[in-house]
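Q: So here's model.txt (compact mmCIF, C-alpha atoms).
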```
# COMPACT_ATOMS: atom_id res chain seq x y z
CA MET F 4 0.72 -30.47 3.27
CA SER F 5 2.55 -27.29 2.29
CA GLU F 6 2.76 -25.55 -1.07
CA LYS F 7 5.27 -22.80 -1.81
CA TYR F 8 4.67 -20.15 -4.48
CA ARG F 9 6.86 -17.62 -6.24
CA ASP F 10 9.87 -16.36 -4.20
CA TYR F 11 9.08 -18.02 -0.87
CA ALA F 12 12.40 -18.72 0.86
CA ASP F 13 13.28 -20.78 3.91
CA ILE F 14 14.96 -18.25 6.18
CA ASP F 15 17.51 -19.31 8.76
CA PRO F 16 16.42 -17.65 12.06
CA ALA F 17 20.08 -17.60 13.16
CA LEU F 18 20.78 -14.96 10.49
CA CYS F 19 18.28 -12.60 12.02
CA SER F 20 19.79 -9.90 14.24
CA GLU F 21 16.54 -8.35 15.44
CA HIS F 22 12.90 -9.19 15.01
CA MET F 23 9.52 -8.11 16.22
CA CYS F 24 6.24 -10.01 16.01
CA LEU F 25 2.73 -8.65 16.48
CA SER F 26 -0.24 -10.99 16.76
CA PHE F 27 -3.98 -10.31 16.58
CA LYS F 28 -7.06 -12.42 17.23
CA PRO F 29 -9.21 -11.91 14.10
CA SER F 30 -12.62 -11.74 15.74
CA SER F 31 -11.81 -9.98 19.02
CA VAL F 32 -13.12 -6.53 17.98
CA PRO F 33 -15.16 -5.25 14.99
CA ILE F 34 -13.24 -4.78 11.74
CA LYS F 35 -13.71 -0.98 11.72
CA GLN F 36 -11.90 -0.69 15.04
CA ARG F 37 -9.24 -3.19 14.06
CA TRP F 38 -8.60 -1.28 10.82
CA ARG F 39 -7.18 1.61 12.84
CA ASN F 40 -4.78 -0.82 14.51
CA ASN F 41 -3.29 -1.69 11.10
CA GLY F 42 -2.02 1.84 10.70
CA LEU F 43 -0.82 2.09 14.30
CA SER F 44 0.99 -1.26 14.04
CA ALA F 45 2.57 -0.40 10.68
CA ASP F 46 3.74 2.99 11.99
CA PHE F 47 5.14 1.31 15.08
CA LEU F 48 7.12 -1.24 13.05
CA GLY F 49 8.45 1.55 10.81
CA ASP F 50 9.53 3.63 13.81
CA TYR F 51 11.03 0.63 15.57
CA LEU F 52 13.26 -0.19 12.61
CA THR F 53 14.66 3.34 12.39
CA THR F 54 16.51 2.66 15.67
CA PHE F 55 18.90 0.49 13.68
CA PHE F 56 19.48 3.14 11.01
CA PRO F 57 20.33 6.24 13.06
CA LYS F 58 20.61 9.67 11.51
CA LYS F 59 24.21 10.91 11.57
CA ASP F 60 24.91 14.63 11.97
CA GLY F 61 25.79 16.27 8.70
CA GLU F 62 25.20 13.11 6.66
CA LYS F 63 22.26 13.69 4.36
CA ASP F 64 22.41 10.11 3.11
CA SER F 65 21.73 8.70 6.58
CA VAL F 66 18.66 10.94 6.96
CA LYS F 67 17.37 9.85 3.55
CA LYS F 68 18.09 6.18 4.25
CA GLN F 69 16.18 6.29 7.51
CA ALA F 70 13.19 7.96 5.86
CA GLU F 71 13.20 5.41 3.03
CA ILE F 72 13.34 2.43 5.38
CA ARG F 73 10.58 3.82 7.56
CA ASP F 74 8.43 4.50 4.49
CA ALA F 75 8.98 1.02 3.02
CA VAL F 76 8.32 -0.79 6.32
CA THR F 77 5.19 1.23 7.02
CA TYR F 78 3.75 0.74 3.52
CA ILE F 79 4.48 -2.99 3.30
CA ALA F 80 3.38 -3.80 6.86
CA ASN F 81 0.17 -1.80 6.42
CA GLU F 82 -0.69 -3.57 3.15
CA LEU F 83 0.00 -7.01 4.66
CA LEU F 84 -2.15 -6.25 7.70
CA GLU F 85 -4.98 -4.80 5.58
CA ASN F 86 -4.95 -7.86 3.31
CA ALA F 87 -4.89 -10.22 6.29
CA MET F 88 -7.89 -8.46 7.74
CA LYS F 89 -9.88 -8.35 4.51
CA TYR F 90 -9.15 -11.86 3.34
CA SER F 91 -8.79 -14.00 6.46
CA ASP F 92 -11.12 -16.62 7.86
CA ASP F 93 -12.61 -14.79 10.84
CA SER F 94 -14.09 -17.96 12.26
CA SER F 95 -10.66 -19.51 12.74
CA VAL F 96 -8.81 -19.67 16.04
CA ILE F 97 -5.51 -19.07 14.20
CA PRO F 98 -4.33 -15.52 15.00
CA ASN F 99 -3.14 -13.08 12.35
CA SER F 100 0.52 -12.32 12.92
CA ILE F 101 3.19 -10.19 11.33
CA ASP F 102 6.88 -10.65 11.98
CA LEU F 103 9.53 -8.21 10.84
CA SER F 104 13.11 -9.40 10.98
CA LEU F 105 16.27 -7.50 10.26
CA GLN F 106 19.09 -9.39 8.58
CA GLU F 107 22.49 -8.19 7.44
CA ASP F 108 21.36 -6.92 4.04
CA LYS F 109 17.60 -7.34 4.02
CA LEU F 110 14.30 -7.00 5.82
CA VAL F 111 11.96 -9.97 5.95
CA PHE F 112 8.22 -9.55 6.57
CA THR F 113 6.30 -12.72 7.44
CA GLU F 114 2.54 -12.42 7.73
CA VAL F 115 0.33 -15.40 8.66
CA ASN F 116 -3.45 -15.68 8.62
CA ALA F 117 -6.18 -18.29 8.40
CA ILE F 118 -7.98 -18.54 5.09
CA THR F 119 -11.08 -20.29 3.79
CA GLU F 120 -10.90 -22.73 0.87
CA LYS F 121 -12.67 -20.21 -1.37
CA GLN F 122 -10.27 -17.41 -0.37
CA GLN F 123 -7.36 -19.78 -0.96
CA ALA F 124 -8.56 -20.60 -4.49
CA GLU F 125 -8.96 -16.89 -5.36
CA PHE F 126 -5.56 -16.12 -3.90
CA LYS F 127 -3.91 -18.86 -5.98
CA ASP F 128 -5.62 -17.50 -9.11
CA PHE F 129 -4.02 -14.11 -8.45
CA ILE F 130 -0.60 -15.70 -7.90
CA THR F 131 -0.96 -17.63 -11.18
CA GLU F 132 -1.85 -14.39 -13.00
CA LEU F 133 1.18 -12.71 -11.41
CA ASN F 134 3.52 -15.56 -12.31
CA GLU F 135 2.33 -15.56 -15.92
CA SER F 136 2.67 -11.77 -16.34
CA ASP F 137 5.31 -9.11 -16.44
CA PRO F 138 4.73 -7.46 -13.01
CA ASP F 139 5.13 -3.96 -14.44
CA GLU F 140 2.59 -4.58 -17.23
CA LEU F 141 0.19 -6.24 -14.82
CA PHE F 142 0.54 -3.28 -12.44
CA MET F 143 -0.41 -0.78 -15.16
CA LYS F 144 -3.27 -3.05 -16.25
CA LYS F 145 -4.62 -3.12 -12.68
CA LEU F 146 -4.30 0.68 -12.38
CA GLU F 147 -6.33 1.05 -15.58
CA ALA F 148 -8.88 -1.44 -14.22
CA SER F 149 -9.24 0.64 -11.05
CA ALA F 150 -11.25 3.15 -13.10
CA VAL F 151 -14.02 0.68 -13.72
CA SER F 152 -13.80 -1.94 -10.99
CA GLU F 153 -14.13 -1.90 -7.24
CA SER F 154 -12.97 -5.46 -6.76
CA SER F 155 -9.76 -6.40 -5.03
CA SER F 156 -6.90 -6.30 -7.43
CA GLY F 157 -3.61 -7.26 -5.78
CA LEU F 158 -2.48 -3.66 -6.24
CA GLY F 159 -0.72 -3.69 -2.87
CA TYR F 160 1.49 -6.65 -3.82
CA LEU F 161 2.20 -5.16 -7.24
CA THR F 162 3.23 -1.85 -5.66
CA MET F 163 5.64 -3.73 -3.38
CA ILE F 164 7.18 -5.53 -6.37
CA ASN F 165 7.34 -2.56 -8.75
CA ASP F 166 7.98 0.43 -6.49
CA TYR F 167 9.80 -1.23 -3.56
CA GLN F 168 11.65 -3.96 -5.54
CA ALA F 169 10.28 -6.57 -3.14
CA ASN F 170 10.49 -10.32 -3.58
CA ILE F 171 7.22 -11.94 -2.54
CA GLY F 172 6.39 -15.57 -1.86
CA TRP F 173 3.56 -17.52 -0.33
CA LEU F 174 3.28 -20.73 1.66
CA PHE F 175 -0.11 -22.45 1.89
CA ASP F 176 -0.59 -24.91 4.74
CA ALA F 177 -3.46 -27.17 5.68
CA SER F 178 -3.82 -28.79 9.08
CA SER F 179 -6.57 -30.00 11.38
CA GLY F 180 -7.01 -26.35 12.46
CA GLY F 181 -7.87 -25.32 8.87
CA HIS F 182 -6.06 -23.57 6.03
CA GLN F 183 -3.53 -20.83 6.50
CA VAL F 184 -1.37 -18.71 4.25
CA THR F 185 2.03 -17.23 5.00
CA THR F 186 3.00 -14.20 2.93
CA GLN F 187 6.70 -13.43 2.86
CA VAL F 188 8.06 -10.10 1.58
CA ILE F 189 11.80 -9.45 1.35
CA ILE F 190 13.42 -6.12 0.52
CA SER F 191 17.11 -5.28 0.28
CA ILE F 192 18.48 -2.57 2.57
CA MET M 191 -14.23 25.54 -0.47
CA LYS M 192 -15.15 21.93 0.17
CA ILE M 193 -13.34 20.13 2.99
CA ILE M 194 -13.39 16.41 3.74
CA LYS M 195 -11.58 15.50 6.91
CA ASP M 196 -11.43 12.76 9.47
CA ASP M 197 -8.99 11.20 11.87
CA GLY M 198 -5.55 11.87 10.39
CA TYR M 199 -6.29 13.39 6.98
CA LYS M 200 -7.79 16.39 5.20
CA VAL M 201 -8.78 16.99 1.57
CA GLU M 202 -9.57 20.58 0.53
CA TYR M 203 -11.10 21.46 -2.84
CA ASN M 204 -10.91 25.11 -3.81
CA ALA M 205 -12.99 25.52 -6.98
CA ALA M 206 -11.94 29.15 -7.51
CA ASP M 207 -8.24 28.29 -7.46
CA LYS M 208 -8.79 24.94 -9.22
CA THR M 209 -6.78 23.13 -6.53
CA VAL M 210 -7.24 20.04 -4.39
CA ASP M 211 -4.85 19.74 -1.43
CA PHE M 212 -4.31 16.49 0.45
CA SER M 213 -2.64 16.28 3.85
CA GLY M 214 -2.04 13.71 6.60
CA THR M 215 -2.19 9.93 6.24
CA LEU M 216 -4.80 8.19 4.10
CA ARG M 217 -5.44 4.53 4.69
CA LEU M 218 -9.16 4.07 4.41
CA SER M 219 -10.69 0.65 3.92
CA GLY M 220 -11.44 0.19 0.22
CA LEU M 221 -13.21 2.30 -2.37
CA THR M 222 -16.43 2.54 -0.38
CA GLU M 223 -14.76 4.54 2.39
CA TYR M 224 -12.95 6.62 -0.23
CA ALA M 225 -16.26 7.48 -1.96
CA PRO M 226 -16.53 11.09 -0.65
CA ILE M 227 -12.99 11.82 -1.85
CA VAL M 228 -13.66 10.15 -5.24
CA GLU M 229 -16.80 12.27 -5.61
CA CYS M 230 -14.89 15.45 -4.75
CA LEU M 231 -12.15 14.67 -7.29
CA GLU M 232 -14.69 13.87 -10.01
CA THR M 233 -16.50 17.16 -9.34
CA ALA M 234 -13.18 19.00 -9.61
CA VAL M 235 -12.58 17.48 -13.06
CA ASP M 236 -16.16 18.19 -14.21
CA ASP M 237 -16.03 21.82 -13.00
CA ALA M 238 -12.97 23.07 -14.86
CA ASP M 239 -10.54 22.56 -17.69
CA SER M 240 -7.50 22.37 -15.43
CA LEU M 241 -6.63 21.29 -11.90
CA THR M 242 -3.64 21.20 -9.56
CA LEU M 243 -3.54 18.36 -7.07
CA SER M 244 -1.15 18.91 -4.19
CA LEU M 245 0.02 15.80 -2.37
CA LYS M 246 3.09 17.43 -0.78
CA ASP M 247 1.71 17.09 2.74
CA LEU M 248 0.31 13.59 2.30
CA SER M 249 2.75 11.43 4.23
CA PHE M 250 1.08 8.06 3.59
CA LEU M 251 -1.29 6.52 1.05
CA ASN M 252 -2.38 2.88 1.00
CA SER M 253 -3.01 0.85 -2.16
CA SER M 254 -6.75 1.62 -2.09
CA GLY M 255 -5.78 5.29 -2.16
CA ILE M 256 -3.44 4.64 -5.08
CA ALA M 257 -6.40 3.06 -6.90
CA VAL M 258 -8.46 6.19 -6.16
CA LEU M 259 -5.81 8.50 -7.59
CA SER M 260 -5.48 6.26 -10.67
CA LYS M 261 -9.22 6.37 -11.23
CA PHE M 262 -9.13 10.16 -10.97
CA VAL M 263 -6.19 10.51 -13.38
CA ILE M 264 -7.96 8.29 -15.92
CA LYS M 265 -11.06 10.46 -15.68
CA ALA M 266 -8.89 13.56 -16.24
CA ARG M 267 -7.16 11.85 -19.19
CA ASN M 268 -10.49 11.06 -20.78
CA LYS M 269 -11.72 14.67 -20.66
CA PRO M 270 -10.60 16.43 -23.85
CA ASP M 271 -8.01 19.21 -23.38
CA PHE M 272 -7.94 18.81 -19.61
CA SER M 273 -4.72 19.97 -17.97
CA LEU M 274 -3.62 18.24 -14.77
CA THR M 275 -0.69 19.10 -12.49
CA ILE M 276 0.33 16.97 -9.52
CA LEU M 277 2.63 18.46 -6.89
CA GLY M 278 4.58 16.11 -4.65
CA SER M 279 7.56 16.15 -2.34
CA ASP M 280 10.80 14.34 -3.02
CA GLU M 281 11.35 14.24 0.74
CA THR M 282 8.42 11.84 1.07
CA PRO M 283 9.75 8.51 -0.23
CA TRP M 284 6.45 6.96 -1.39
CA GLN M 285 5.82 9.94 -3.66
CA GLY M 286 9.17 9.55 -5.44
CA LYS M 287 8.41 5.86 -5.95
CA SER M 288 4.73 5.80 -6.85
CA LEU M 289 3.61 9.11 -8.38
CA LYS M 290 5.47 8.43 -11.61
CA ASN M 291 2.95 5.65 -12.27
CA LEU M 292 0.20 8.27 -12.53
CA GLN M 293 2.20 10.05 -15.20
CA ARG M 294 2.38 6.77 -17.11
CA LEU M 295 -1.42 6.65 -17.07
CA MET M 296 -1.61 10.20 -18.42
CA PRO M 297 1.60 11.24 -20.21
CA SER M 298 0.46 14.88 -20.55
CA LEU M 299 0.21 15.17 -16.74
CA THR M 300 2.72 17.61 -15.20
CA LEU M 301 4.39 16.02 -12.19
CA GLU M 302 6.49 18.28 -9.98
CA LEU M 303 8.38 16.80 -7.05
CA LEU M 304 9.46 19.81 -4.99
```
Hey, can you dump this file as structure tokens for me?
A:
Amino acid sequence: MSEKYRDYADIDPALCSEHMCLSFKPSSVPIKQRWRNNGLSADFLGDYLTTFFPKKDGEKDSVKKQAEIRDAVTYIANELLENAMKYSDDSSVIPNSIDLSLQEDKLVFTEVNAITEKQQAEFKDFITELNESDPDELFMKKLEASAVSESSSGLGYLTMINDYQANIGWLFDASSGGHQVTTQVIISI
Amino acid sequence: MKIIKDDGYKVEYNAADKTVDFSGTLRLSGLTEYAPIVECLETAVDDADSLTLSLKDLSFLNSSGIAVLSKFVIKARNKPDFSLTILGSDETPWQGKSLKNLQRLMPSLTLELL
């Protein structure tokens, strides 16, 4: 059974001109070591994408565009990978994966990880809060809360929505292998 | 001078100049790993009546780091007559996008994107 939330869209793979997928086995190395890989992977995806947005001599706009795309890809990929690592079911055999695909006018990030029932319930509570709020107001509320709370807050997703104008959706699946969540982030380019 | 540094980043607090300079990429895992930086920023607010935070050379900050800066700005806001300046770079895209949110937390904050 699958449940879609918020802006989750069925994407036609035929519309994708380029894509890259990275996959990780959750329990293969300790989390502290894997954490470093999040940054390396996010930087790699950001650098990879710049190939398709070359700088043109004398055109300041092309230099700025390349820097903006690299920045957005690196931030979003890093947040998705960090979240997958913090909130995935490490006992599952389902690997964490992130796929970045380039379409004519947008970039699509698709991140998949296994999740426990408890994690799934907490995740859905956050999505409900997001759906019932103005994202900008919720973002400021979470920033204020950061002064007094150390709990997870969804700040990464809210930054993507407010500062990077991202559309975000989720797909929850259950199968014999357990529960998994797919997080989809789409930004215009 | 107090310096906190590790793989990829450096934070320097100069009490005499009332400045804290960040450089590199900061993507630590949650507030626990950020604790030494939080402590340094809180000391900087407690020690003086004004502070300049330079983020110009900070090329990357994850959402946990954004939470840390928000916490710091709220502490500065809550100290009477405290003057805070944040220096950023408009050539670093995340700073143009996200630093304005700190100014919304503390409207009297001076934000300069150089």
Q: At most 10 Å is the cut-off: for each residue in chain F with any atom that close to an atom of chain M, write down the nearest atom pair and the distance in Å rounded to one decimal, counting all atoms listed in the file, chain first then increasing number, as JSON lines.
A:
```
{"residue": "F:Ile34", "atom": "CA", "partner": "M:Ser219", "partner_atom": "CA", "distance": 9.9}
{"residue": "F:Lys35", "atom": "CA", "partner": "M:Ser219", "partner_atom": "CA", "distance": 8.5}
{"residue": "F:Trp38", "atom": "CA", "partner": "M:Ser219", "partner_atom": "CA", "distance": 7.5}
{"residue": "F:Arg39", "atom": "CA", "partner": "M:Arg217", "partner_atom": "CA", "distance": 8.8}
{"residue": "F:Asn41", "atom": "CA", "partner": "M:Arg217", "partner_atom": "CA", "distance": 9.2}
{"residue": "F:Gly42", "atom": "CA", "partner": "M:Arg217", "partner_atom": "CA", "distance": 7.4}
{"residue": "F:Lys67", "atom": "CA", "partner": "M:Glu281", "partner_atom": "CA", "distance": 8.0}
{"residue": "F:Lys68", "atom": "CA", "partner": "M:Pro283", "partner_atom": "CA", "distance": 9.7}
{"residue": "F:Ala70", "atom": "CA", "partner": "M:Pro283", "partner_atom": "CA", "distance": 7.0}
{"residue": "F:Glu71", "atom": "CA", "partner": "M:Pro283", "partner_atom": "CA", "distance": 5.7}
{"residue": "F:Ile72", "atom": "CA", "partner": "M:Pro283", "partner_atom": "CA", "distance": 9.0}
{"residue": "F:Arg73", "atom": "CA", "partner": "M:Pro283", "partner_atom": "CA", "distance": 9.1}
{"residue": "F:Asp74", "atom": "CA", "partner": "M:Pro283", "partner_atom": "CA", "distance": 6.3}
{"residue": "F:Ala75", "atom": "CA", "partner": "M:Trp284", "partner_atom": "CA", "distance": 7.8}
{"residue": "F:Thr77", "atom": "CA", "partner": "M:Phe250", "partner_atom": "CA", "distance": 8.7}
{"residue": "F:Tyr78", "atom": "CA", "partner": "M:Asn252", "partner_atom": "CA", "distance": 7.0}
{"residue": "F:Ile79", "atom": "CA", "partner": "M:Asn252", "partner_atom": "CA", "distance": 9.3}
{"residue": "F:Asn81", "atom": "CA", "partner": "M:Asn252", "partner_atom": "CA", "distance": 7.6}
{"residue": "F:Glu82", "atom": "CA", "partner": "M:Asn252", "partner_atom": "CA", "distance": 7.0}
{"residue": "F:Glu85", "atom": "CA", "partner": "M:Ser219", "partner_atom": "CA", "distance": 8.1}
{"residue": "F:Lys89", "atom": "CA", "partner": "M:Ser219", "partner_atom": "CA", "distance": 9.1}
{"residue": "F:Phe142", "atom": "CA", "partner": "M:Asn291", "partner_atom": "CA", "distance": 9.3}
{"residue": "F:Met143", "atom": "CA", "partner": "M:Leu295", "partner_atom": "CA", "distance": 7.7}
{"residue": "F:Lys144", "atom": "CA", "partner": "M:Leu295", "partner_atom": "CA", "distance": 9.9}
{"residue": "F:Lys145", "atom": "CA", "partner": "M:Ala257", "partner_atom": "CA", "distance": 8.6}
{"residue": "F:Leu146", "atom": "CA", "partner": "M:Ser260", "partner_atom": "CA", "distance": 6.0}
{"residue": "F:Glu147", "atom": "CA", "partner": "M:Ser260", "partner_atom": "CA", "distance": 7.2}
{"residue": "F:Ala148", "atom": "CA", "partner": "M:Lys261", "partner_atom": "CA", "distance": 8.4}
{"residue": "F:Ser149", "atom": "CA", "partner": "M:Ala257", "partner_atom": "CA", "distance": 5.6}
{"residue": "F:Ala150", "atom": "CA", "partner": "M:Lys261", "partner_atom": "CA", "distance": 4.2}
{"residue": "F:Val151", "atom": "CA", "partner": "M:Lys261", "partner_atom": "CA", "distance": 7.8}
{"residue": "F:Ser152", "atom": "CA", "partner": "M:Lys261", "partner_atom": "CA", "distance": 9.5}
{"residue": "F:Glu153", "atom": "CA", "partner": "M:Leu221", "partner_atom": "CA", "distance": 6.5}
{"residue": "F:Ser154", "atom": "CA", "partner": "M:Leu221", "partner_atom": "CA", "distance": 8.9}
{"residue": "F:Ser155", "atom": "CA", "partner": "M:Gly220", "partner_atom": "CA", "distance": 8.6}
{"residue": "F:Ser156", "atom": "CA", "partner": "M:Ala257", "partner_atom": "CA", "distance": 9.4}
{"residue": "F:Gly157", "atom": "CA", "partner": "M:Ser253", "partner_atom": "CA", "distance": 8.9}
{"residue": "F:Leu158", "atom": "CA", "partner": "M:Ser253", "partner_atom": "CA", "distance": 6.1}
{"residue": "F:Gly159", "atom": "CA", "partner": "M:Ser253", "partner_atom": "CA", "distance": 5.1}
{"residue": "F:Tyr160", "atom": "CA", "partner": "M:Ser253", "partner_atom": "CA", "distance": 8.9}
{"residue": "F:Leu161", "atom": "CA", "partner": "M:Ser253", "partner_atom": "CA", "distance": 9.4}
{"residue": "F:Thr162", "atom": "CA", "partner": "M:Ser253", "partner_atom": "CA", "distance": 7.6}
{"residue": "F:Met163", "atom": "CA", "partner": "M:Ser253", "partner_atom": "CA", "distance": 9.9}
{"residue": "F:Asn165", "atom": "CA", "partner": "M:Lys287", "partner_atom": "CA", "distance": 8.9}
{"residue": "F:Asp166", "atom": "CA", "partner": "M:Lys287", "partner_atom": "CA", "distance": 5.5}
{"residue": "F:Tyr167", "atom": "CA", "partner": "M:Lys287", "partner_atom": "CA", "distance": 7.6}
```
Q: Go ahead and write the selection's residues with C-alpha atoms as a PDB file, in the coordinates of the input.
A:
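Result file is selection-v9.pdb:
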```
ATOM      1  CA  ILE F  34     -13.240  -4.780  11.740  1.00  0.00           C
ATOM      2  CA  LYS F  35     -13.710  -0.980  11.720  1.00  0.00           C
ATOM      3  CA  TRP F  38      -8.600  -1.280  10.820  1.00  0.00           C
ATOM      4  CA  ARG F  39      -7.180   1.610  12.840  1.00  0.00           C
ATOM      5  CA  ASN F  41      -3.290  -1.690  11.100  1.00  0.00           C
ATOM      6  CA  GLY F  42      -2.020   1.840  10.700  1.00  0.00           C
ATOM      7  CA  LYS F  67      17.370   9.850   3.550  1.00  0.00           C
ATOM      8  CA  LYS F  68      18.090   6.180   4.250  1.00  0.00           C
ATOM      9  CA  ALA F  70      13.190   7.960   5.860  1.00  0.00           C
ATOM     10  CA  GLU F  71      13.200   5.410   3.030  1.00  0.00           C
ATOM     11  CA  ILE F  72      13.340   2.430   5.380  1.00  0.00           C
ATOM     12  CA  ARG F  73      10.580   3.820   7.560  1.00  0.00           C
ATOM     13  CA  ASP F  74       8.430   4.500   4.490  1.00  0.00           C
ATOM     14  CA  ALA F  75       8.980   1.020   3.020  1.00  0.00           C
ATOM     15  CA  THR F  77       5.190   1.230   7.020  1.00  0.00           C
ATOM     16  CA  TYR F  78       3.750   0.740   3.520  1.00  0.00           C
ATOM     17  CA  ILE F  79       4.480  -2.990   3.300  1.00  0.00           C
ATOM     18  CA  ASN F  81       0.170  -1.800   6.420  1.00  0.00           C
ATOM     19  CA  GLU F  82      -0.690  -3.570   3.150  1.00  0.00           C
ATOM     20  CA  GLU F  85      -4.980  -4.800   5.580  1.00  0.00           C
ATOM     21  CA  LYS F  89      -9.880  -8.350   4.510  1.00  0.00           C
ATOM     22  CA  PHE F 142       0.540  -3.280 -12.440  1.00  0.00           C
ATOM     23  CA  MET F 143      -0.410  -0.780 -15.160  1.00  0.00           C
ATOM     24  CA  LYS F 144      -3.270  -3.050 -16.250  1.00  0.00           C
ATOM     25  CA  LYS F 145      -4.620  -3.120 -12.680  1.00  0.00           C
ATOM     26  CA  LEU F 146      -4.300   0.680 -12.380  1.00  0.00           C
ATOM     27  CA  GLU F 147      -6.330   1.050 -15.580  1.00  0.00           C
ATOM     28  CA  ALA F 148      -8.880  -1.440 -14.220  1.00  0.00           C
ATOM     29  CA  SER F 149      -9.240   0.640 -11.050  1.00  0.00           C
ATOM     30  CA  ALA F 150     -11.250   3.150 -13.100  1.00  0.00           C
ATOM     31  CA  VAL F 151     -14.020   0.680 -13.720  1.00  0.00           C
ATOM     32  CA  SER F 152     -13.800  -1.940 -10.990  1.00  0.00           C
ATOM     33  CA  GLU F 153     -14.130  -1.900  -7.240  1.00  0.00           C
ATOM     34  CA  SER F 154     -12.970  -5.460  -6.760  1.00  0.00           C
ATOM     35  CA  SER F 155      -9.760  -6.400  -5.030  1.00  0.00           C
ATOM     36  CA  SER F 156      -6.900  -6.300  -7.430  1.00  0.00           C
ATOM     37  CA  GLY F 157      -3.610  -7.260  -5.780  1.00  0.00           C
ATOM     38  CA  LEU F 158      -2.480  -3.660  -6.240  1.00  0.00           C
ATOM     39  CA  GLY F 159      -0.720  -3.690  -2.870  1.00  0.00           C
ATOM     40  CA  TYR F 160       1.490  -6.650  -3.820  1.00  0.00           C
ATOM     41  CA  LEU F 161       2.200  -5.160  -7.240  1.00  0.00           C
ATOM     42  CA  THR F 162       3.230  -1.850  -5.660  1.00  0.00           C
ATOM     43  CA  MET F 163       5.640  -3.730  -3.380  1.00  0.00           C
ATOM     44  CA  ASN F 165       7.340  -2.560  -8.750  1.00  0.00           C
ATOM     45  CA  ASP F 166       7.980   0.430  -6.490  1.00  0.00           C
ATOM     46  CA  TYR F 167       9.800  -1.230  -3.560  1.00  0.00           C
TER      47      TYR F 167
END
```
Q: With all atoms listed in the file as the basis for distance, which of F:Asn99, F:Gln183, F:Asn170, F:Asn86 is at the shortest distance from Val111 of chain F?
A: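 Of all the options, F:Asn170 lies closest to Val111 of chain F.
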Q: Grab all the atoms of segment 215-223 of chain M that the file lists, wrap them in a box along x, y and z, add 3 Å per side, and give me centre plus edge lengths in Å (one decimal) as lines of an AutoDock Vina configuration file.
A:
```
center_x = -9.3
center_y = 5.1
center_z = 1.9
size_x = 20.2
size_y = 15.7
size_z = 14.6
```
Q: At what distance in Å, to one decimal, does atom CA of Ser191 of chain F lie from atom CA of Glu107 of chain F?
A: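 Pair atom CA of Glu107 of chain F / atom CA of Ser191 of chain F returns 9.4 Å.
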Q: Quick one: pull the distance between atom CA of Leu299 of chain M and atom CA of Phe272 of chain M, Å, one decimal.
A: 9.4 Å
Q: Would you mind telling me which residue in F:Ser104, F:Ser95, F:Thr54, F:Gln69 lies nearest to Glu21 of chain F when using all atoms listed in the file?
A: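 Going through F:Ser104, F:Ser95, F:Thr54, F:Gln69 one by one, the smallest distance to Glu21 of chain F is for F:Ser104.
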Q: Measure the distance from atom CA of Met4 of chain F to atom CA of Ala124 of chain F in Å and round it to one decimal.
A: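 Distance reported for this atom pair: 15.6 Å.
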Q: So, counting all atoms listed in the file, which residue among M:Leu304, M:Ala225, M:Ala234, M:Ile194 is closest to Lys269 of chain M?
A: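 Distance minimum relative to Lys269 of chain M lands on M:Ala234.
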Q: Restricting the calculation to all atoms listed in the file: of F:Gly61, F:Pro98, F:Gly172, F:Gly180, which residue gets closest to Lys127 of chain F?
A: F:Gly172
Q: Neighbouring residues of Lys246 of chain M were defined as those with any atom within 7 Å, considering only C-alpha atoms; residues of the same chain fewer than 4 positions away were excluded. Please report them as a list in words.
A: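 Returned residues: Leu277, Gly278 and Ser279 of chain M.
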Q: Restricting the calculation to all atoms listed in the file: of F:Tyr51, F:Leu174, F:Val184, F:Arg9, which residue gets closest to Ala87 of chain F?
A: F:Val184
Q: Residues proximal to (11.4, -5.3, 2.9) were defined as those with any atom within 7 Å of that point in the file's coordinates, counting all atoms listed in the file. Which are they, as number ranges by chain?
A: F: 75-76, 109-112, 169, 188-191
Q: With all atoms listed in the file as the atoms that count, which of F:Ile171, F:Ser26, F:Ser91, F:Leu105 lies nearest to Gly49 of chain F?
A: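 Comparing F:Ile171, F:Ser26, F:Ser91, F:Leu105 against Gly49 of chain F, the winner is F:Leu105.
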Q: What's around Ala238 of chain M at 12 Å? Count all atoms listed in the file, leave out sequence neighbours fewer than 6 positions away in its own chain, and write the answer as a list in words.
A: Asn204, Ala205, Ala206, Asp207, Lys208, Thr209, Leu231, Glu232, Ala266, Lys269, Pro270, Asp271, Phe272, Ser273 and Leu274 of chain M
Q: Regenerate segment 49-54 of chain F at the level of N, CA and C atoms and dump it as a PDB file, in the coordinates of the input.
A:
```pdb
ATOM      1  N   GLY F  49       7.573   0.634  11.556  1.00  0.00           N
ATOM      2  CA  GLY F  49       8.450   1.550  10.810  1.00  0.00           C
ATOM      3  C   GLY F  49       9.335   2.352  11.756  1.00  0.00           C
ATOM      4  N   ASP F  50       8.746   2.852  12.839  1.00  0.00           N
ATOM      5  CA  ASP F  50       9.530   3.630  13.810  1.00  0.00           C
ATOM      6  C   ASP F  50      10.555   2.771  14.521  1.00  0.00           C
ATOM      7  N   TYR F  51      10.132   1.560  14.864  1.00  0.00           N
ATOM      8  CA  TYR F  51      11.030   0.630  15.570  1.00  0.00           C
ATOM      9  C   TYR F  51      12.298   0.372  14.754  1.00  0.00           C
ATOM     10  N   LEU F  52      12.116   0.144  13.461  1.00  0.00           N
ATOM     11  CA  LEU F  52      13.260  -0.190  12.610  1.00  0.00           C
ATOM     12  C   LEU F  52      14.252   0.970  12.483  1.00  0.00           C
ATOM     13  N   THR F  53      13.745   2.202  12.583  1.00  0.00           N
ATOM     14  CA  THR F  53      14.660   3.340  12.390  1.00  0.00           C
ATOM     15  C   THR F  53      15.753   3.375  13.465  1.00  0.00           C
ATOM     16  N   THR F  54      15.500   2.744  14.611  1.00  0.00           N
ATOM     17  CA  THR F  54      16.510   2.660  15.670  1.00  0.00           C
ATOM     18  C   THR F  54      17.825   2.089  15.142  1.00  0.00           C
TER      19      THR F  54
END
```
